[in-house]
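**Student:** You'll find coords16.pdb just under this line, and it carries PDB, C-alpha atoms and all ligand atoms.
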```
ATOM      1  CA  MET A   1    -168.330-100.269  50.067  1.00  0.00           C
ATOM      2  CA  ASN A   2    -170.475-103.419  49.969  1.00  0.00           C
ATOM      3  CA  PRO A   3    -168.620-105.773  47.588  1.00  0.00           C
ATOM      4  CA  ILE A   4    -170.217-106.630  44.254  1.00  0.00           C
ATOM      5  CA  ILE A   5    -169.779-110.180  42.968  1.00  0.00           C
ATOM      6  CA  ALA A   6    -170.737-110.188  39.307  1.00  0.00           C
ATOM      7  CA  ALA A   7    -171.112-113.231  37.056  1.00  0.00           C
ATOM      8  CA  ASN A   8    -170.431-112.990  33.335  1.00  0.00           C
ATOM      9  CA  TRP A   9    -171.911-116.103  31.776  1.00  0.00           C
ATOM     10  CA  LYS A  10    -170.717-115.213  28.265  1.00  0.00           C
ATOM     11  CA  MET A  11    -172.198-117.576  25.598  1.00  0.00           C
ATOM     12  CA  HIS A  12    -173.297-120.247  28.054  1.00  0.00           C
ATOM     13  CA  LYS A  13    -176.514-121.713  29.476  1.00  0.00           C
ATOM     14  CA  THR A  14    -179.850-122.742  28.055  1.00  0.00           C
ATOM     15  CA  ARG A  15    -183.098-121.869  29.867  1.00  0.00           C
ATOM     16  CA  ARG A  16    -183.052-125.196  31.698  1.00  0.00           C
ATOM     17  CA  GLU A  17    -179.499-124.581  32.904  1.00  0.00           C
ATOM     18  CA  VAL A  18    -180.442-121.112  34.124  1.00  0.00           C
ATOM     19  CA  GLU A  19    -183.336-122.566  36.141  1.00  0.00           C
ATOM     20  CA  ASP A  20    -181.061-125.222  37.642  1.00  0.00           C
ATOM     21  CA  PHE A  21    -178.555-122.544  38.678  1.00  0.00           C
ATOM     22  CA  PHE A  22    -181.187-120.416  40.406  1.00  0.00           C
ATOM     23  CA  LYS A  23    -182.620-123.433  42.270  1.00  0.00           C
ATOM     24  CA  ILE A  24    -179.301-123.705  44.093  1.00  0.00           C
ATOM     25  CA  VAL A  25    -178.308-120.044  44.348  1.00  0.00           C
ATOM     26  CA  LEU A  26    -181.626-118.432  45.337  1.00  0.00           C
ATOM     27  CA  PRO A  27    -182.023-120.044  48.783  1.00  0.00           C
ATOM     28  CA  ASN A  28    -178.497-118.867  49.663  1.00  0.00           C
ATOM     29  CA  ALA A  29    -178.608-115.443  48.051  1.00  0.00           C
ATOM     30  CA  SER A  30    -180.537-113.562  50.732  1.00  0.00           C
ATOM     31  CA  ARG A  31    -178.145-114.745  53.426  1.00  0.00           C
ATOM     32  CA  ALA A  32    -175.188-113.546  51.404  1.00  0.00           C
ATOM     33  CA  GLN A  33    -175.525-109.840  52.286  1.00  0.00           C
ATOM     34  CA  ARG A  34    -173.408-109.075  49.274  1.00  0.00           C
ATOM     35  CA  SER A  35    -174.447-107.541  45.982  1.00  0.00           C
ATOM     36  CA  ILE A  36    -174.811-110.417  43.541  1.00  0.00           C
ATOM     37  CA  TRP A  37    -174.995-109.439  39.893  1.00  0.00           C
ATOM     38  CA  ILE A  38    -175.557-111.902  37.051  1.00  0.00           C
ATOM     39  CA  ALA A  39    -175.202-111.253  33.322  1.00  0.00           C
ATOM     40  CA  PRO A  40    -176.755-114.105  31.332  1.00  0.00           C
ATOM     41  CA  SER A  41    -177.032-114.307  27.532  1.00  0.00           C
ATOM     42  CA  ALA A  42    -179.707-112.135  25.941  1.00  0.00           C
ATOM     43  CA  THR A  43    -181.781-115.278  25.278  1.00  0.00           C
ATOM     44  CA  THR A  44    -182.186-116.002  28.992  1.00  0.00           C
ATOM     45  CA  LEU A  45    -182.203-112.445  30.308  1.00  0.00           C
ATOM     46  CA  MET A  46    -185.942-112.349  30.834  1.00  0.00           C
ATOM     47  CA  LEU A  47    -186.030-115.783  32.447  1.00  0.00           C
ATOM     48  CA  ALA A  48    -183.173-114.854  34.801  1.00  0.00           C
ATOM     49  CA  ALA A  49    -184.924-111.599  35.749  1.00  0.00           C
ATOM     50  CA  GLU A  50    -188.103-113.564  36.545  1.00  0.00           C
ATOM     51  CA  GLN A  51    -186.141-116.084  38.603  1.00  0.00           C
ATOM     52  CA  ALA A  52    -184.369-113.338  40.534  1.00  0.00           C
ATOM     53  CA  ARG A  53    -187.525-111.312  41.209  1.00  0.00           C
ATOM     54  CA  GLY A  54    -187.987-110.658  44.923  1.00  0.00           C
ATOM     55  CA  SER A  55    -184.404-111.708  45.700  1.00  0.00           C
ATOM     56  CA  SER A  56    -181.326-109.569  46.222  1.00  0.00           C
ATOM     57  CA  ILE A  57    -179.830-110.696  42.891  1.00  0.00           C
ATOM     58  CA  THR A  58    -179.480-108.068  40.166  1.00  0.00           C
ATOM     59  CA  ILE A  59    -179.653-109.135  36.519  1.00  0.00           C
ATOM     60  CA  GLY A  60    -177.834-107.404  33.671  1.00  0.00           C
ATOM     61  CA  ALA A  61    -176.940-107.730  30.002  1.00  0.00           C
ATOM     62  CA  GLN A  62    -173.539-108.564  28.516  1.00  0.00           C
ATOM     63  CA  ASN A  63    -173.768-105.975  25.760  1.00  0.00           C
ATOM     64  CA  ILE A  64    -176.028-103.414  24.078  1.00  0.00           C
ATOM     65  CA  TYR A  65    -175.863-101.447  20.878  1.00  0.00           C
ATOM     66  CA  PHE A  66    -175.711 -97.677  21.311  1.00  0.00           C
ATOM     67  CA  GLU A  67    -178.461 -96.705  18.855  1.00  0.00           C
ATOM     68  CA  PRO A  68    -181.946 -96.532  20.374  1.00  0.00           C
ATOM     69  CA  GLN A  69    -183.608 -98.576  17.580  1.00  0.00           C
ATOM     70  CA  GLY A  70    -183.549 -99.162  13.847  1.00  0.00           C
ATOM     71  CA  ALA A  71    -182.052-101.254  11.072  1.00  0.00           C
ATOM     72  CA  PHE A  72    -179.206-102.915  12.980  1.00  0.00           C
ATOM     73  CA  THR A  73    -179.724-106.628  12.334  1.00  0.00           C
ATOM     74  CA  GLY A  74    -178.706-108.789  15.255  1.00  0.00           C
ATOM     75  CA  GLU A  75    -178.194-105.940  17.702  1.00  0.00           C
ATOM     76  CA  ILE A  76    -180.124-105.256  20.931  1.00  0.00           C
ATOM     77  CA  SER A  77    -180.826-101.817  22.422  1.00  0.00           C
ATOM     78  CA  GLY A  78    -180.597-100.553  25.974  1.00  0.00           C
ATOM     79  CA  ALA A  79    -184.374-100.093  26.005  1.00  0.00           C
ATOM     80  CA  GLN A  80    -184.850-103.742  25.001  1.00  0.00           C
ATOM     81  CA  VAL A  81    -182.604-105.200  27.707  1.00  0.00           C
ATOM     82  CA  ALA A  82    -184.132-102.867  30.313  1.00  0.00           C
ATOM     83  CA  ASP A  83    -187.549-104.096  29.163  1.00  0.00           C
ATOM     84  CA  CYS A  84    -186.372-107.674  29.886  1.00  0.00           C
ATOM     85  CA  GLY A  85    -185.430-106.737  33.447  1.00  0.00           C
ATOM     86  CA  ALA A  86    -181.746-105.817  33.080  1.00  0.00           C
ATOM     87  CA  LYS A  87    -180.463-103.273  35.596  1.00  0.00           C
ATOM     88  CA  PHE A  88    -176.855-103.140  34.447  1.00  0.00           C
ATOM     89  CA  VAL A  89    -174.862-103.831  31.306  1.00  0.00           C
ATOM     90  CA  ILE A  90    -171.275-104.984  30.772  1.00  0.00           C
ATOM     91  CA  VAL A  91    -169.509-102.621  28.378  1.00  0.00           C
ATOM     92  CA  GLY A  92    -166.090-102.870  26.763  1.00  0.00           C
ATOM     93  CA  HIS A  93    -165.274-106.439  27.724  1.00  0.00           C
ATOM     94  CA  SER A  94    -161.932-107.406  26.182  1.00  0.00           C
ATOM     95  CA  GLU A  95    -163.621-110.154  24.146  1.00  0.00           C
ATOM     96  CA  ARG A  96    -165.824-107.498  22.529  1.00  0.00           C
ATOM     97  CA  ARG A  97    -162.837-105.240  21.912  1.00  0.00           C
ATOM     98  CA  ARG A  98    -160.664-108.027  20.510  1.00  0.00           C
ATOM     99  CA  LEU A  99    -163.099-110.312  18.673  1.00  0.00           C
ATOM    100  CA  PHE A 100    -165.706-107.770  17.581  1.00  0.00           C
ATOM    101  CA  GLY A 101    -163.529-104.709  17.029  1.00  0.00           C
ATOM    102  CA  GLU A 102    -165.139-102.425  19.613  1.00  0.00           C
ATOM    103  CA  THR A 103    -163.320 -99.124  19.954  1.00  0.00           C
ATOM    104  CA  ASN A 104    -163.220 -96.674  22.863  1.00  0.00           C
ATOM    105  CA  LEU A 105    -165.609 -94.485  20.884  1.00  0.00           C
ATOM    106  CA  ASP A 106    -168.144 -97.336  20.558  1.00  0.00           C
ATOM    107  CA  ILE A 107    -167.740 -97.999  24.272  1.00  0.00           C
ATOM    108  CA  LYS A 108    -168.298 -94.351  25.156  1.00  0.00           C
ATOM    109  CA  LYS A 109    -171.513 -94.343  23.117  1.00  0.00           C
ATOM    110  CA  LYS A 110    -172.649 -97.549  24.802  1.00  0.00           C
ATOM    111  CA  ILE A 111    -172.047 -96.084  28.260  1.00  0.00           C
ATOM    112  CA  ASN A 112    -174.120 -93.043  27.330  1.00  0.00           C
ATOM    113  CA  ALA A 113    -176.867 -95.275  25.904  1.00  0.00           C
ATOM    114  CA  ALA A 114    -176.840 -97.355  29.096  1.00  0.00           C
ATOM    115  CA  ALA A 115    -177.229 -94.263  31.281  1.00  0.00           C
ATOM    116  CA  HIS A 116    -180.011 -92.998  29.031  1.00  0.00           C
ATOM    117  CA  HIS A 117    -181.971 -96.200  29.631  1.00  0.00           C
ATOM    118  CA  GLY A 118    -181.322 -96.306  33.375  1.00  0.00           C
ATOM    119  CA  LEU A 119    -178.824 -99.173  33.144  1.00  0.00           C
ATOM    120  CA  ILE A 120    -175.683 -99.169  35.303  1.00  0.00           C
ATOM    121  CA  PRO A 121    -172.647 -99.521  33.018  1.00  0.00           C
ATOM    122  CA  LEU A 122    -170.024-102.042  34.158  1.00  0.00           C
ATOM    123  CA  LEU A 123    -166.994-100.920  32.172  1.00  0.00           C
ATOM    124  CA  CYS A 124    -164.191-103.449  31.634  1.00  0.00           C
ATOM    125  CA  ILE A 125    -160.619-102.279  31.121  1.00  0.00           C
ATOM    126  CA  GLY A 126    -157.238-103.967  31.246  1.00  0.00           C
ATOM    127  CA  GLU A 127    -153.865-104.366  29.597  1.00  0.00           C
ATOM    128  CA  SER A 128    -152.555-107.121  27.320  1.00  0.00           C
ATOM    129  CA  LEU A 129    -149.491-109.165  28.245  1.00  0.00           C
ATOM    130  CA  GLU A 130    -147.323-107.207  25.794  1.00  0.00           C
ATOM    131  CA  GLU A 131    -148.481-103.952  27.359  1.00  0.00           C
ATOM    132  CA  ARG A 132    -147.709-105.196  30.869  1.00  0.00           C
ATOM    133  CA  ASN A 133    -144.302-106.498  29.846  1.00  0.00           C
ATOM    134  CA  SER A 134    -143.429-103.162  28.301  1.00  0.00           C
ATOM    135  CA  HIS A 135    -144.540-101.267  31.442  1.00  0.00           C
ATOM    136  CA  GLN A 136    -147.535 -99.636  29.774  1.00  0.00           C
ATOM    137  CA  THR A 137    -150.224-100.855  32.181  1.00  0.00           C
ATOM    138  CA  ALA A 138    -150.836 -97.464  33.837  1.00  0.00           C
ATOM    139  CA  ALA A 139    -150.916 -95.671  30.469  1.00  0.00           C
ATOM    140  CA  VAL A 140    -153.358 -98.208  29.011  1.00  0.00           C
ATOM    141  CA  LEU A 141    -155.719 -97.957  31.980  1.00  0.00           C
ATOM    142  CA  LYS A 142    -155.592 -94.170  31.817  1.00  0.00           C
ATOM    143  CA  LYS A 143    -156.365 -94.150  28.090  1.00  0.00           C
ATOM    144  CA  GLN A 144    -159.216 -96.641  28.457  1.00  0.00           C
ATOM    145  CA  LEU A 145    -160.795 -94.540  31.206  1.00  0.00           C
ATOM    146  CA  THR A 146    -160.173 -91.006  29.929  1.00  0.00           C
ATOM    147  CA  GLU A 147    -161.296 -91.699  26.357  1.00  0.00           C
ATOM    148  CA  VAL A 148    -164.552 -93.187  27.553  1.00  0.00           C
ATOM    149  CA  LEU A 149    -165.775 -91.541  30.744  1.00  0.00           C
ATOM    150  CA  ASP A 150    -167.496 -88.201  31.298  1.00  0.00           C
ATOM    151  CA  PRO A 151    -167.324 -86.308  34.609  1.00  0.00           C
ATOM    152  CA  SER A 152    -170.931 -87.362  35.204  1.00  0.00           C
ATOM    153  CA  PHE A 153    -170.119 -91.104  34.955  1.00  0.00           C
ATOM    154  CA  GLU A 154    -171.874 -93.279  37.492  1.00  0.00           C
ATOM    155  CA  GLY A 155    -171.233 -96.980  37.218  1.00  0.00           C
ATOM    156  CA  VAL A 156    -168.785 -99.729  38.049  1.00  0.00           C
ATOM    157  CA  ILE A 157    -165.316-100.505  36.664  1.00  0.00           C
ATOM    158  CA  ALA A 158    -163.849-103.980  36.253  1.00  0.00           C
ATOM    159  CA  TYR A 159    -160.075-104.229  35.995  1.00  0.00           C
ATOM    160  CA  GLU A 160    -159.503-107.327  33.897  1.00  0.00           C
ATOM    161  CA  PRO A 161    -155.977-107.913  32.598  1.00  0.00           C
ATOM    162  CA  VAL A 162    -156.537-109.498  29.181  1.00  0.00           C
ATOM    163  CA  TRP A 163    -153.877-112.142  29.824  1.00  0.00           C
ATOM    164  CA  ALA A 164    -155.686-113.297  32.979  1.00  0.00           C
ATOM    165  CA  ILE A 165    -159.104-113.859  31.402  1.00  0.00           C
ATOM    166  CA  GLY A 166    -159.972-117.519  30.950  1.00  0.00           C
ATOM    167  CA  THR A 167    -156.325-118.560  31.266  1.00  0.00           C
ATOM    168  CA  GLY A 168    -156.245-119.828  34.854  1.00  0.00           C
ATOM    169  CA  LYS A 169    -153.466-117.294  35.460  1.00  0.00           C
ATOM    170  CA  SER A 170    -154.852-114.569  37.686  1.00  0.00           C
ATOM    171  CA  ALA A 171    -152.931-111.379  38.447  1.00  0.00           C
ATOM    172  CA  THR A 172    -151.000-111.330  41.732  1.00  0.00           C
ATOM    173  CA  LYS A 173    -152.256-109.521  44.812  1.00  0.00           C
ATOM    174  CA  GLU A 174    -149.626-106.798  44.307  1.00  0.00           C
ATOM    175  CA  MET A 175    -150.542-106.285  40.642  1.00  0.00           C
ATOM    176  CA  ILE A 176    -154.235-106.023  41.500  1.00  0.00           C
ATOM    177  CA  GLU A 177    -153.701-103.583  44.360  1.00  0.00           C
ATOM    178  CA  GLU A 178    -151.503-101.386  42.185  1.00  0.00           C
ATOM    179  CA  ALA A 179    -153.767-101.393  39.105  1.00  0.00           C
ATOM    180  CA  HIS A 180    -156.876-100.707  41.202  1.00  0.00           C
ATOM    181  CA  GLY A 181    -155.048 -97.871  42.942  1.00  0.00           C
ATOM    182  CA  ILE A 182    -154.241 -96.335  39.557  1.00  0.00           C
ATOM    183  CA  CYS A 183    -157.883 -96.654  38.440  1.00  0.00           C
ATOM    184  CA  LYS A 184    -159.203 -95.136  41.674  1.00  0.00           C
ATOM    185  CA  GLU A 185    -156.880 -92.167  41.413  1.00  0.00           C
ATOM    186  CA  ILE A 186    -157.953 -91.480  37.811  1.00  0.00           C
ATOM    187  CA  LEU A 187    -161.634 -91.884  38.701  1.00  0.00           C
ATOM    188  CA  LYS A 188    -161.286 -89.520  41.655  1.00  0.00           C
ATOM    189  CA  ASN A 189    -159.744 -86.857  39.436  1.00  0.00           C
ATOM    190  CA  MET A 190    -162.057 -87.369  36.462  1.00  0.00           C
ATOM    191  CA  CYS A 191    -165.531 -88.056  37.782  1.00  0.00           C
ATOM    192  CA  LYS A 192    -167.663 -86.020  40.156  1.00  0.00           C
ATOM    193  CA  LYS A 193    -168.602 -89.165  42.079  1.00  0.00           C
ATOM    194  CA  GLY A 194    -165.250 -90.859  41.408  1.00  0.00           C
ATOM    195  CA  GLU A 195    -164.622 -91.837  45.000  1.00  0.00           C
ATOM    196  CA  LYS A 196    -167.834 -93.839  45.068  1.00  0.00           C
ATOM    197  CA  ILE A 197    -167.090 -95.881  41.937  1.00  0.00           C
ATOM    198  CA  ALA A 198    -166.470 -99.559  42.724  1.00  0.00           C
ATOM    199  CA  VAL A 199    -163.508-101.250  41.036  1.00  0.00           C
ATOM    200  CA  LEU A 200    -163.924-105.016  40.622  1.00  0.00           C
ATOM    201  CA  TYR A 201    -161.189-107.469  39.676  1.00  0.00           C
ATOM    202  CA  GLY A 202    -161.741-110.002  36.891  1.00  0.00           C
ATOM    203  CA  GLY A 203    -159.518-112.643  35.338  1.00  0.00           C
ATOM    204  CA  SER A 204    -159.466-116.317  36.417  1.00  0.00           C
ATOM    205  CA  VAL A 205    -161.186-115.652  39.748  1.00  0.00           C
ATOM    206  CA  THR A 206    -161.795-118.955  41.568  1.00  0.00           C
ATOM    207  CA  PRO A 207    -163.117-119.919  45.004  1.00  0.00           C
ATOM    208  CA  GLN A 208    -159.483-120.630  46.003  1.00  0.00           C
ATOM    209  CA  LEU A 209    -158.342-117.152  45.009  1.00  0.00           C
ATOM    210  CA  THR A 210    -161.241-115.339  46.678  1.00  0.00           C
ATOM    211  CA  PRO A 211    -160.006-114.974  50.288  1.00  0.00           C
ATOM    212  CA  SER A 212    -156.805-113.320  49.060  1.00  0.00           C
ATOM    213  CA  LEU A 213    -158.705-111.149  46.583  1.00  0.00           C
ATOM    214  CA  ALA A 214    -161.288-110.077  49.160  1.00  0.00           C
ATOM    215  CA  SER A 215    -158.516-108.870  51.470  1.00  0.00           C
ATOM    216  CA  THR A 216    -156.649-106.948  48.753  1.00  0.00           C
ATOM    217  CA  LYS A 217    -156.599-103.175  49.142  1.00  0.00           C
ATOM    218  CA  ASN A 218    -158.654-101.212  46.577  1.00  0.00           C
ATOM    219  CA  VAL A 219    -160.724-104.274  45.569  1.00  0.00           C
ATOM    220  CA  ASP A 220    -164.491-103.744  45.724  1.00  0.00           C
ATOM    221  CA  GLY A 221    -165.578-107.104  44.345  1.00  0.00           C
ATOM    222  CA  ALA A 222    -165.089-109.468  41.433  1.00  0.00           C
ATOM    223  CA  LEU A 223    -166.245-110.083  37.886  1.00  0.00           C
ATOM    224  CA  VAL A 224    -166.268-113.838  37.388  1.00  0.00           C
ATOM    225  CA  GLY A 225    -166.485-115.772  34.117  1.00  0.00           C
ATOM    226  CA  GLY A 226    -165.754-119.503  34.117  1.00  0.00           C
ATOM    227  CA  ALA A 227    -166.100-120.036  37.874  1.00  0.00           C
ATOM    228  CA  SER A 228    -169.546-118.380  37.914  1.00  0.00           C
ATOM    229  CA  LEU A 229    -171.163-121.009  35.689  1.00  0.00           C
ATOM    230  CA  GLU A 230    -171.465-123.650  38.371  1.00  0.00           C
ATOM    231  CA  ALA A 231    -173.763-122.614  41.239  1.00  0.00           C
ATOM    232  CA  GLN A 232    -171.694-123.990  44.133  1.00  0.00           C
ATOM    233  CA  SER A 233    -168.501-122.488  42.793  1.00  0.00           C
ATOM    234  CA  PHE A 234    -170.148-119.090  42.386  1.00  0.00           C
ATOM    235  CA  LEU A 235    -171.619-119.292  45.901  1.00  0.00           C
ATOM    236  CA  SER A 236    -168.168-120.103  47.315  1.00  0.00           C
ATOM    237  CA  ILE A 237    -166.829-116.930  45.708  1.00  0.00           C
ATOM    238  CA  VAL A 238    -169.694-114.869  47.140  1.00  0.00           C
ATOM    239  CA  GLN A 239    -169.056-116.416  50.554  1.00  0.00           C
ATOM    240  CA  GLY A 240    -165.325-115.782  50.208  1.00  0.00           C
ATOM    241  CA  PHE A 241    -166.112-112.076  50.131  1.00  0.00           C
ATOM    242  CA  MET A 242    -167.962-112.331  53.437  1.00  0.00           C
ATOM    243  CA  LEU A 243    -165.015-113.557  55.469  1.00  0.00           C
TER     244      LEU A 243
HETATM  245  P1  LIG B 301    -162.766-115.656  33.693  1.00  0.00           P
HETATM  246  O1  LIG B 301    -163.518-114.475  32.886  1.00  0.00           O
HETATM  247  O2  LIG B 301    -163.214-115.541  35.130  1.00  0.00           O
HETATM  248  O3  LIG B 301    -163.271-116.917  33.034  1.00  0.00           O
HETATM  249  O4  LIG B 301    -161.322-115.442  33.528  1.00  0.00           O
HETATM  250  C1  LIG B 301    -163.664-113.196  33.442  1.00  0.00           C
HETATM  251  C2  LIG B 301    -164.332-112.277  32.464  1.00  0.00           C
HETATM  252  O5  LIG B 301    -164.103-112.433  31.263  1.00  0.00           O
HETATM  253  O6  LIG B 301    -165.095-111.394  32.852  1.00  0.00           O
END
```
Can you present the structure in this file as structure tokens?
Ligand code: PGA
**Tutor:**
Amino acid sequence: MNPIIAANWKMHKTRREVEDFFKIVLPNASRAQRSIWIAPSATTLMLAAEQARGSSITIGAQNIYFEPQGAFTGEISGAQVADCGAKFVIVGHSERRRLFGETNLDIKKKINAAAHHGLIPLLCIGESLEERNSHQTAAVLKKQLTEVLDPSFEGVIAYEPVWAIGTGKSATKEMIEEAHGICKEILKNMCKKGEKIAVLYGGSVTPQLTPSLASTKNVDGALVGGASLEAQSFLSIVQGFML
């Protein structure tokens, strides 16, 4: 599987900052021979899609609402982000679950809405520190996958332990290999194309961590937050997956 290196910019970057990022990343992107995905804020989605046009970089959204249209003030539909050039959408990020109360049912509807609009869903799952400490990691991952996915699911999964996101404390190689193995087994049993579903790791990924991550069994790429904001740092991570 060709690794996917995905950037989640969260609530960062103005238009000017997006242009500055692409000035540095674009000349290097074609040489990368890796799938580079970038999820900017909705306000710079269209600009990022224009910047990436003709390159090997794929642009996506960080969120959609599951209804196709209507009186949902502040929300954005799958059709609208696709119209701006998005090809994928992050769904179920732990920040959306925790800060905005998203449930597995909401997430399931969002995945279906994404598929309906031709967007690849990038589903985020992962356990909290309490769940890990009480040996519930496998059960949590199973619940987050089985309550959300249909046998027809086609998309990408990101394993992101909640305690590793934005904390500078990434999971160990052994933890990642084990959790990804659990996800792959569930996906194989649940989804018709389960064996082809990429499982990315996310949670305090840095250029320093990348060589170890890239050589970890069951890892098909990375979902990167903080370290994706700066162009050189993001390029180092992409290059780390080429070694
Ligand atoms: P982080 O974020 O790399 O800053 O930990 C990852 C994510 O939230 O997807």
**Student:** I'd like to know which of A:Ala42, A:Ala115, A:Leu99, A:Met175 is closest to Glu127 in chain A, using only C-alpha atoms.
**Tutor:**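 Using only C-alpha atoms, Glu127 in chain A sits closest to A:Met175.
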**Student:** Report the residues retrieved by the PyMOL selection byres (((chain A and resi 180-197) around 8) and not hetatm) from the displayed file, expressed as a PyMOL selection string.
**Tutor:** chain A and resi 138+141-142+145-146+149-157+159+176-179+198-199+218-219
**Student:** Go through chain A and flag each residue having an atom no more than 10 Å from ligand LIG 301 (chain B); for those, report the closest pair of atoms plus their distance in Å to one decimal, using only C-alpha atoms and all ligand atoms, ordered by chain and rising number, as a tab-separated table.
**Tutor:**
```
residue	atom	partner	partner_atom	distance
A:Ala6	CA	B:LIG301	O6	8.7
A:Ala7	CA	B:LIG301	O6	7.6
A:Asn8	CA	B:LIG301	O6	5.6
A:Trp9	CA	B:LIG301	O6	8.4
A:Lys10	CA	B:LIG301	O5	7.8
A:Gln62	CA	B:LIG301	O6	9.9
A:Ile90	CA	B:LIG301	O6	9.1
A:His93	CA	B:LIG301	O5	7.1
A:Ser94	CA	B:LIG301	O5	7.5
A:Glu95	CA	B:LIG301	O5	7.5
A:Cys124	CA	B:LIG301	O6	8.1
A:Ala158	CA	B:LIG301	O6	8.3
A:Tyr159	CA	B:LIG301	O6	9.3
A:Glu160	CA	B:LIG301	O6	7.0
A:Pro161	CA	B:LIG301	O4	9.3
A:Val162	CA	B:LIG301	O5	8.4
A:Trp163	CA	B:LIG301	O4	8.9
A:Ala164	CA	B:LIG301	O4	6.1
A:Ile165	CA	B:LIG301	O4	3.5
A:Gly166	CA	B:LIG301	O4	3.6
A:Thr167	CA	B:LIG301	O4	6.3
A:Gly168	CA	B:LIG301	O4	6.8
A:Lys169	CA	B:LIG301	O4	8.3
A:Ser170	CA	B:LIG301	O4	7.7
A:Tyr201	CA	B:LIG301	O6	8.8
A:Gly202	CA	B:LIG301	C1	5.1
A:Gly203	CA	B:LIG301	O4	3.8
A:Ser204	CA	B:LIG301	O4	3.5
A:Val205	CA	B:LIG301	O2	5.0
A:Thr206	CA	B:LIG301	O2	7.4
A:Ala222	CA	B:LIG301	O6	8.8
A:Leu223	CA	B:LIG301	O6	5.3
A:Val224	CA	B:LIG301	O2	4.2
A:Gly225	CA	B:LIG301	O2	3.4
A:Gly226	CA	B:LIG301	O3	3.7
A:Ala227	CA	B:LIG301	O2	6.0
A:Ser228	CA	B:LIG301	O2	7.5
A:Leu229	CA	B:LIG301	O3	9.3
```
**Student:** Please, what is the axis-aligned box for every listed atom of range 170-189 of chain A with 6 Å on each side, as centre and edge lengths in Å to one decimal, as lines of an AutoDock Vina configuration file?
**Tutor:**
```
center_x = -155.6
center_y = -100.7
center_z = 41.2
size_x = 24.0
size_y = 39.7
size_z = 19.1
```
**Student:** To test your reading of the syntax: which residues would the PyMOL selection byres (((chain A and resi 104-107) around 7) and not hetatm) return for the file shown? Reply as a list of chain:residue names.
**Tutor:** A:Val91, A:Gly92, A:Glu102, A:Thr103, A:Lys108, A:Lys109, A:Lys110, A:Ile111, A:Gln144, A:Glu147, A:Val148
**Student:** Excluding range 45-55 of chain A and any residue of its chain fewer than 2 positions from it, enumerate the residues within 10 Å of it, using all atoms listed in the file, and give them as an MDAnalysis selection string.
**Tutor:** chainID A and resid 15:16 18:19 21:23 25:27 29:30 36 38:43 57:62 81:87
**Student:** Interatomic distance between CA of Ser56 in chain A and CA of Asn28 in chain A?
**Tutor:**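 Atom-to-atom, CA of Ser56 in chain A to CA of Asn28 in chain A, that is 10.3 Å.
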**Student:** Determine, counting all atoms listed in the file, which protein, DNA and RNA residues have an atom within 6 Å of an atom of Gly221 in chain A; residues of the same chain fewer than 6 positions away are not included. Present the result as a list of chain:residue names.
**Tutor:** A:Pro3, A:Ile4, A:Ile5, A:Leu200
**Student:** In Å to one decimal, how far is CA of Phe241 in chain A from CA of Met1 in chain A?
**Tutor:**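 The value is 12.0 Å.
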